[in-house]
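Read through the structure below, which is laid out as structure tokens, and then see the notes.
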Amino acid sequence: MLDFKAITNNLDEWDRGLKRKGAKVDIDKLVQLGGEYAKLLQTVETLRADKNAAAKAKDIEAGKKIGKDLEKQEKELDELAEKLEKLSEEVPNLPLADVPDGGEEDGKVLGQNGKPVEIKNPKDHITLGSALNILDIEGGAKVSGARFYFLKNQAVQLEFALVNFVLEVLGKKGFEFLLGPQLLNEKAMNAGGYLGKAKDEVYKTQDDLYLIGTSEQSMLAYHLDETIEVPKRYASFSTCFRREAGSYGKDVKGIIRTHQFDKVEMFSFVAPENSEKEHEFLVAIEEEILQALEIPYQKVMLAAGDLSMASAKTIDLESWIPSQKRYRETHSCSNCTDWQARRGNVRYKKDGKSEFVHTLNGTAIAIGRLLAVLWENHQQEDGSIRIPKALEPYLGFNEIK
RNA sequence: GGAGGUGUGGCCGAGUGGUUUAUGGCGCUAGUCUUGAAAACUAGUUAGGGCGCAAGCUCUUCACAGGUUCGAAUCCUGUCGCCUCCGCCA
């Protein structure tokens with residue numbers, strides 16, 4: 001439930017925030033309905049009290065009379081609640097103050113790390129992977145269609161090495177590990193905001209369960225309707241399923257954008273006053289991982305209009321892709337403040353009082369994309385691929401040829 | 001998939017239409033006693049809202065959603081979860 005009091009008291013701020021986000025929400029109507037709802041709720045509760053009193057006194061006549069009136073008012077209340085909820089569904093999280101205005105092109109580059117290595121005629125990851133017999137795109141297309149692929153041989157080992165490496169990093173930072181369902185029910189899916197604007201991205205099964213697009217969804221849902229201790233930090237491996245509707249023509253080749261890939265995701269539940277600090281903490285971990293893998297990247301703060309429904313602030317890490325001579329997103333870290341917590345009803349106790357937590361999520365490693373980036377950056381002139389030192393302990397080799 | 005059972009507060013567990021504002025116990029919190037602790041005793045303790053400076057008043061909550069009734073944890077219908085057995089299965 002939205003905090004109508006807060007909205008009413010900060011109408012200008014909400015108006016401005018929604019505009020920055022590019023959301024078309026009738027905020028005045030929302031506030032008006034919210035007020036009406038609160039008023040009617042008072043009336044209904046008073047009637048309920050009267051009815052309870054009549055029942056206790058075994059006053060059958062009075063009970064009947066009040067009951068009739070109550071029924072009418074309750075019906076009205078239900079209708080109002082439904083309208084309100086429908087309208088509320090469209091209200092995104094507001095961007096934080098330091099998030100720049102604008103859309104997809106207006107992200108603010110916060111810094112770069114690592115120099116792209118000079119590679120003579122760099123091969124793309126498809127050419128490299130096919131030649132080394134570690135990637136089969138046609139195989140994926142044959143059994144499932146476009147945007148599917150097989151990893152083979154050392155690439156499979158590399159995936160497990162990356163996962164183990166990342167889990168070790170996160171374990172040392174005190175993250176708890178989760179390995180959970182990759183099919184979620186509607187309630188769980190909706191809490192994260194994935195059935196709103198992003199509904200077309202999600203696969204639905206004939207049993208009304210949804211395939212997760214990221215384990216962020218299951219980690220959030222894990223604590224739905226609970227009061228928990230904060231901070232709580234999880235790392236979860238999962239396969240991720242995405243329909244990629246509306247991305248026709250984008251990255252059609254290779255394994256940058258696919259319907260299915262594996263990922264280790266971080267998720268934090270924290271006290272509101274700590275969420276900005278937590279955001280920095282998660283981004284720092286992502287940077288540590290990319291640095292250990294010796295991949296040049298830049299750090300970008302997304303503009304307000306480019307944020308997801310749930311996010312108040314998102315920082316992407318974009319890794320260098322030699323064959324495209326540009327940076328591409330491989331990591332994304334969002335502070336969702338209390339937006340998901342409100343929808344999912346996740347609370348914590350502050351001085352005995354119950355408050356909504358803040359939630360944050362960040363990519364630890366997204367395998368498909370990261371393999372492409374790793375291969376391309378560490379390719380050698382003879383077409384072989386060098387394994388970065390950080391991964392060697394997890395593999396029995398230091399080169400793929 | 002079939003048959004049977006079951007769902008009550010942080011946990012265990014009573015409760016088959018109105019003194020149940022959910023018995024009792026465990027746990028937890030505070031107090032008394034104690035040098036300190038334990039034990040004992042006393043009190044508090046499901047959770048989420050609304051109004052109020054506060055004291056307090058009040059609504060909702062016994063898996064979920066409907067229904068019957070002046071009144072439902074209790075009766076009826078549907079759904080879901082869990083358990084046991086059978087079937088199928090990696």
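Within each chain, counting starts at residue 1; across the structure tokens, chains are named A, B, ... in the order shown, with ligands numbered 1 upward in that order.
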Members of stretch 238-386 of chain A assigned helix (DSSP H, G or I) by DSSP, as a ChimeraX atom specification: /A:272-292,304-306,339-344,367-377
For the residues in the current selection, export C-alpha atoms as a PDB file, in the first residue's frame.
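Everything below was put into out.pdb:
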ATOM      1  CA  PRO A 272      16.306   2.723   5.292  1.00  0.00           C
ATOM      2  CA  GLU A 273      19.078   4.929   6.652  1.00  0.00           C
ATOM      3  CA  ASN A 274      21.678   2.433   5.402  1.00  0.00           C
ATOM      4  CA  SER A 275      20.478   1.792   1.876  1.00  0.00           C
ATOM      5  CA  GLU A 276      22.676   4.350   0.114  1.00  0.00           C
ATOM      6  CA  LYS A 277      25.739   3.000   1.873  1.00  0.00           C
ATOM      7  CA  GLU A 278      24.668  -0.542   1.004  1.00  0.00           C
ATOM      8  CA  HIS A 279      24.355   0.460  -2.629  1.00  0.00           C
ATOM      9  CA  GLU A 280      27.976   1.589  -2.650  1.00  0.00           C
ATOM     10  CA  PHE A 281      28.976  -1.621  -0.905  1.00  0.00           C
ATOM     11  CA  LEU A 282      27.331  -3.794  -3.562  1.00  0.00           C
ATOM     12  CA  VAL A 283      28.763  -1.794  -6.447  1.00  0.00           C
ATOM     13  CA  ALA A 284      32.229  -2.054  -4.880  1.00  0.00           C
ATOM     14  CA  ILE A 285      31.885  -5.852  -4.857  1.00  0.00           C
ATOM     15  CA  GLU A 286      30.936  -5.846  -8.520  1.00  0.00           C
ATOM     16  CA  GLU A 287      34.000  -3.751  -9.270  1.00  0.00           C
ATOM     17  CA  GLU A 288      36.190  -6.081  -7.253  1.00  0.00           C
ATOM     18  CA  ILE A 289      34.931  -9.011  -9.324  1.00  0.00           C
ATOM     19  CA  LEU A 290      35.530  -7.330 -12.680  1.00  0.00           C
ATOM     20  CA  GLN A 291      38.968  -6.190 -11.567  1.00  0.00           C
ATOM     21  CA  ALA A 292      39.888  -9.703 -10.470  1.00  0.00           C
ATOM     22  CA  ALA A 304      15.802   8.792 -14.121  1.00  0.00           C
ATOM     23  CA  GLY A 305      13.874   7.870 -17.254  1.00  0.00           C
ATOM     24  CA  ASP A 306      15.941   4.715 -17.754  1.00  0.00           C
ATOM     25  CA  TRP A 339       9.087   0.168  -3.084  1.00  0.00           C
ATOM     26  CA  GLN A 340       9.423  -3.624  -3.179  1.00  0.00           C
ATOM     27  CA  ALA A 341       9.148  -3.872   0.615  1.00  0.00           C
ATOM     28  CA  ARG A 342       5.767  -2.116   0.563  1.00  0.00           C
ATOM     29  CA  ARG A 343       4.391  -4.378  -2.126  1.00  0.00           C
ATOM     30  CA  GLY A 344       5.851  -7.474  -0.514  1.00  0.00           C
ATOM     31  CA  ILE A 367      27.422 -15.845 -17.151  1.00  0.00           C
ATOM     32  CA  GLY A 368      26.527 -15.530 -20.848  1.00  0.00           C
ATOM     33  CA  ARG A 369      27.501 -11.915 -21.181  1.00  0.00           C
ATOM     34  CA  LEU A 370      30.502 -12.299 -18.979  1.00  0.00           C
ATOM     35  CA  LEU A 371      31.886 -15.241 -20.932  1.00  0.00           C
ATOM     36  CA  ALA A 372      31.706 -13.179 -24.100  1.00  0.00           C
ATOM     37  CA  VAL A 373      33.506 -10.313 -22.420  1.00  0.00           C
ATOM     38  CA  LEU A 374      36.090 -12.586 -20.846  1.00  0.00           C
ATOM     39  CA  TRP A 375      36.918 -14.400 -24.083  1.00  0.00           C
ATOM     40  CA  GLU A 376      37.174 -11.243 -26.139  1.00  0.00           C
ATOM     41  CA  ASN A 377      39.359  -9.345 -23.680  1.00  0.00           C
TER      42      ASN A 377
END
Output as JSON lines one row per residue of chain B within 7 Å of chain A: the closest atom pair and its distance in Å to one decimal place, counting only C-alpha atoms (C1' of nucleotides), sorted by chain and residue number ascending.
{"residue": "B:C59", "atom": "C1'", "partner": "A:Glu45", "partner_atom": "CA", "distance": 5.4}
{"residue": "B:C70", "atom": "C1'", "partner": "A:Ile60", "partner_atom": "CA", "distance": 3.9}
{"residue": "B:G71", "atom": "C1'", "partner": "A:Ala55", "partner_atom": "CA", "distance": 5.0}
Go ahead and write the selection's residues with C-alpha atoms (C1' of nucleotides) as a PDB file, in the first residue's frame.
ATOM      1  C1'   C B  59     -11.017  -2.012  13.363  1.00  0.00           C
ATOM      2  C1'   C B  70     -27.870 -10.507  15.372  1.00  0.00           C
ATOM      3  C1'   G B  71     -23.140 -13.168  16.554  1.00  0.00           C
TER       4        G B  71
END
DSSP strand (DSSP E) selection over stretch 118-358 of chain A, as a ChimeraX atom specification: /A:135-136,150-151,176-178,183-184,210-211,232-241,260-270,297-301,313-321,326-335,347-350,353-356,358
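A straight line drawn from atom CA of A:Thr314 to atom CA of A:Lys299 is 10.6 Å long.
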